[in-house]
Amino acid sequence: MTRYDRQIAVAGVGSEGQARLRAARVLVVGAGGLGSAVIPALAAAGVGRLTIVDTDTVALSNLHRQTLFRDSEIGQPKAPLAAARAAEINPDCRAQGLALRLDPANAPALITEADLVIDAADSFAVTYTLSDLCKASGKPLISASVLGRSGYAGAFCGTAPSVRAVFPDLPAQAASCATAGVLGPAVAALGAVQAQMALTLLIGLSPSPLGRLVTLDMERWHFGGFDFRDAEEAPGFGFLAATQIEPGDHLIDLRPAGSVATLPGARALSLDDLAQWPIPPGRVVLCCSSGLRAWRGASALAARGATRLALLADGQ
């Protein structure tokens with residue numbers, strides 16, 4: 001008997017499917033609540049290589065849903081802890097933890113080294129950055145989001161439409177786990193869906209989850225979802241890293257009054273100010289903490305005829 005006997009026995013897996021898992025390389029962005037479900041599942045299944053990216057440290061308020069971590073690890077970086085835990089779960093899994101902030105500058109190299117990407121980061125900027133890059137490179141992206149008792153998981157890019165085809169715009173206001181709260185089992189359930197989608201794609205099982213979104217509402221006890229394989233790609237605004245700012249860019253910091261612009265040469269404006277701001281020649285880079293305010297600013301400028309626009313999320 002081997003570690004994977006019960007998995008190999010599943011119709012369509014077999015020794016060939018297990019060999020595919022052993023050869024697979026997966027990039028997991030985020031080692032929080034979703035990552036706490038995804039990472040152990042992939043490691044236990046025998047995925048050969050996991051690269052885990054997360055810039056955060058363990059906090060007491062995380063522990064109800066981020067079950068990879070312990071009280072004794074509060075204050076320590078999540079990524080290397082998650083990698084060590086994956087190796088403890090299964091020595092066959094080579095896991096690397098990178099305590100860095102994923103951005104459009106470092107993401108391409110990480111995606112190039114992966115067969116599949118999992119977005120477990122809970123960040124608008126990260127989701128759209130990964131989606132744009134995965135769509136361009138043909139790599140599958142498994143993305144999920146959870147708040148309160150509900151959320152979704154979907155398989156994008158690869159041969160399927162991108163996140164922009166399903167979510168062409170951001171919400172007017174964005175809640176977070178800190179503001180809206182979240183229950184751990186809802187996060188774990190959708191993290192498990194992400195892991196199942198990833199294993200299905202890596203093994204090559206049918207039907208493929210690409211172009212499929214699964215929804216979960218644990219308030220009304222309802223699973224749902226829809227197929228988006230025929231969805232049309234939507235235009236949108238791309239994110240960049242601070243290191244990708246070029247001479248001649250016009251930098252606008254949209255953070256609320258009282259915030260200090262952190263970009264050298266950035267001009268502090270409000271969203272209302274943009275209605276009267278003369279659109280200059282050259283590229284306009286709009287900055288805020290999450291990317292949401294920058295997206296709104298870019299939408300306002302685009303409505304006035306601006307065409308060269310980019311976003312910078314400077315405080316994730």
# chains A, B, ... in the order shown; residues from 1 in each chain; ligands from 1
call {"tool": "residues_around", "arguments": {"residues": "Gln66 (chain A)", "least_positions_apart": "6", "cutoff": "9 Å", "atoms": "only C-alpha atoms", "output": "PyMOL selection string"}}
result
chain A and resi 31-37+58+184+188
call {"tool": "write_last_selection", "arguments": {"atoms": "C-alpha atoms", "output": "PDB file, in the first residue's frame"}}
result
ATOM      1  CA  ALA A  31      -1.127  31.727   2.399  1.00  0.00           C
ATOM      2  CA  GLY A  32      -4.134  32.995   4.344  1.00  0.00           C
ATOM      3  CA  GLY A  33      -7.526  31.366   4.791  1.00  0.00           C
ATOM      4  CA  LEU A  34      -7.884  30.038   1.238  1.00  0.00           C
ATOM      5  CA  GLY A  35      -4.241  29.034   1.172  1.00  0.00           C
ATOM      6  CA  SER A  36      -4.693  27.142   4.430  1.00  0.00           C
ATOM      7  CA  ALA A  37      -7.091  24.817   2.588  1.00  0.00           C
ATOM      8  CA  VAL A  58       0.705  35.575  11.172  1.00  0.00           C
ATOM      9  CA  GLY A 184     -13.641  29.934   8.621  1.00  0.00           C
ATOM     10  CA  ALA A 188     -12.123  26.336   3.824  1.00  0.00           C
TER      11      ALA A 188
END
call {"tool": "closest_atom_pairs", "arguments": {"of": "region 207-260 of chain A", "to": "region 291-315 of chain A", "cutoff": "12 Å", "atoms": "only C-alpha atoms", "output": "CSV"}}
result
residue,atom,partner,partner_atom,distance
A:Pro235,CA,A:Ser299,CA,11.3
A:Gly236,CA,A:Ser299,CA,8.9
A:Phe237,CA,A:Ala310,CA,6.0
A:Gly238,CA,A:Ala310,CA,5.5
A:Phe239,CA,A:Leu311,CA,4.6
A:Leu240,CA,A:Leu312,CA,5.6
A:Ala241,CA,A:Leu312,CA,6.3
A:Ala242,CA,A:Leu312,CA,7.1
A:Thr243,CA,A:Leu312,CA,10.4
A:Gln244,CA,A:Leu312,CA,9.8
A:Ile245,CA,A:Leu312,CA,9.4
A:Glu246,CA,A:Ala310,CA,11.4
A:Asp249,CA,A:Leu309,CA,9.7
A:His250,CA,A:Leu309,CA,9.6
A:Leu251,CA,A:Leu312,CA,9.6
A:Ile252,CA,A:Ala294,CA,8.8
A:Asp253,CA,A:Ala294,CA,8.3
A:Leu254,CA,A:Ala294,CA,6.6
A:Arg255,CA,A:Arg293,CA,7.6
A:Pro256,CA,A:Arg293,CA,9.6
A:Ser259,CA,A:Gly315,CA,11.6
A:Val260,CA,A:Asp314,CA,11.8
call {"tool": "select_by_dssp", "arguments": {"residues": "region 31-223 of chain A", "states": "strand (DSSP E or B)", "output": "PyMOL selection string"}}
result
chain A and resi 49-53+57+77+94-98+116-119+140-148+150-157+182+210+212-217+222-223
call {"tool": "write_last_selection", "arguments": {"atoms": "C-alpha atoms", "output": "compact mmCIF listing (two decimals), in the first residue's frame"}}
result
# COMPACT_ATOMS: atom_id res chain seq x y z
CA ARG A 49 6.44 21.53 -6.43
CA LEU A 50 4.65 24.37 -4.67
CA THR A 51 5.83 27.98 -4.74
CA ILE A 52 3.97 29.95 -2.07
CA VAL A 53 4.02 33.76 -2.17
CA THR A 57 2.91 37.71 8.94
CA PRO A 77 6.10 35.38 7.91
CA ARG A 94 9.03 20.37 -2.62
CA ALA A 95 7.62 23.62 -1.25
CA GLN A 96 9.23 27.03 -1.40
CA GLY A 97 7.90 30.01 0.57
CA LEU A 98 8.62 33.52 -0.69
CA LEU A 116 -0.97 26.42 -12.94
CA VAL A 117 -1.56 29.47 -10.74
CA ILE A 118 -3.83 29.73 -7.71
CA ASP A 119 -5.01 33.15 -6.57
CA PRO A 140 -4.78 28.35 -16.01
CA LEU A 141 -5.71 30.55 -13.04
CA ILE A 142 -7.86 29.29 -10.16
CA SER A 143 -9.20 32.31 -8.27
CA ALA A 144 -11.53 32.60 -5.28
CA SER A 145 -12.97 35.22 -2.97
CA VAL A 146 -14.88 34.89 0.31
CA LEU A 147 -16.58 37.35 2.68
CA GLY A 148 -18.91 36.63 5.55
CA SER A 150 -20.39 33.38 0.91
CA GLY A 151 -18.05 33.57 -2.04
CA TYR A 152 -16.97 31.94 -5.28
CA ALA A 153 -14.19 29.95 -6.92
CA GLY A 154 -13.54 29.87 -10.65
CA ALA A 155 -11.14 28.52 -13.25
CA PHE A 156 -10.01 31.27 -15.59
CA CYS A 157 -7.52 31.80 -18.41
CA VAL A 182 -15.61 35.99 7.56
CA LEU A 210 -11.99 25.91 -17.05
CA ARG A 212 -16.74 27.45 -14.77
CA LEU A 213 -17.51 29.47 -11.64
CA VAL A 214 -18.86 27.87 -8.45
CA THR A 215 -20.71 29.96 -5.88
CA LEU A 216 -21.32 29.15 -2.24
CA ASP A 217 -23.85 30.85 0.04
CA HIS A 222 -27.00 27.14 -1.50
CA PHE A 223 -24.35 25.98 -3.96
call {"tool": "decode", "arguments": {"residues": "region 259-309 of chain A", "atoms": "C-alpha atoms", "output": "tab-separated table (two decimals), in the first residue's frame"}}
result
chain	number	residue	atom	x	y	z
A	259	SER	CA	-2.42	60.40	3.58
A	260	VAL	CA	1.08	61.16	2.41
A	261	ALA	CA	1.91	60.42	-1.21
A	262	THR	CA	4.67	57.82	-1.18
A	263	LEU	CA	5.58	58.04	-4.86
A	264	PRO	CA	8.29	60.54	-5.70
A	265	GLY	CA	6.76	63.26	-7.82
A	266	ALA	CA	3.17	62.12	-7.26
A	267	ARG	CA	0.43	64.74	-7.10
A	268	ALA	CA	-2.24	64.26	-4.42
A	269	LEU	CA	-5.78	64.59	-5.81
A	270	SER	CA	-9.23	63.40	-4.83
A	271	LEU	CA	-11.63	61.58	-7.12
A	272	ASP	CA	-13.67	64.79	-7.32
A	273	ASP	CA	-10.57	66.72	-8.39
A	274	LEU	CA	-10.21	64.48	-11.45
A	275	ALA	CA	-13.42	65.90	-12.92
A	276	GLN	CA	-11.62	69.23	-13.45
A	277	TRP	CA	-8.03	68.02	-13.85
A	278	PRO	CA	-6.69	68.74	-17.36
A	279	ILE	CA	-5.71	65.45	-19.00
A	280	PRO	CA	-2.04	65.70	-19.92
A	281	PRO	CA	-0.20	64.06	-22.80
A	282	GLY	CA	1.57	60.83	-21.86
A	283	ARG	CA	0.60	58.07	-19.48
A	284	VAL	CA	-1.32	58.76	-16.27
A	285	VAL	CA	-0.59	56.43	-13.35
A	286	LEU	CA	-3.22	56.48	-10.60
A	287	CYS	CA	-2.22	55.21	-7.18
A	288	CYS	CA	-4.11	54.15	-4.06
A	289	SER	CA	-3.76	51.45	-1.43
A	290	SER	CA	-5.96	48.65	-2.79
A	291	GLY	CA	-6.39	49.63	-6.45
A	292	LEU	CA	-10.13	50.32	-6.07
A	293	ARG	CA	-9.89	54.12	-5.84
A	294	ALA	CA	-7.33	54.12	-8.68
A	295	TRP	CA	-9.73	52.05	-10.81
A	296	ARG	CA	-12.53	54.55	-10.16
A	297	GLY	CA	-10.22	57.43	-11.07
A	298	ALA	CA	-9.15	55.74	-14.28
A	299	SER	CA	-12.80	55.14	-15.20
A	300	ALA	CA	-13.53	58.84	-14.70
A	301	LEU	CA	-10.58	59.90	-16.84
A	302	ALA	CA	-11.41	57.34	-19.53
A	303	ALA	CA	-14.94	58.78	-19.71
A	304	ARG	CA	-13.34	62.17	-20.43
A	305	GLY	CA	-11.24	60.72	-23.24
A	306	ALA	CA	-7.98	59.64	-21.55
A	307	THR	CA	-6.48	56.59	-23.23
A	308	ARG	CA	-3.11	55.99	-21.56
A	309	LEU	CA	-3.96	54.92	-18.03
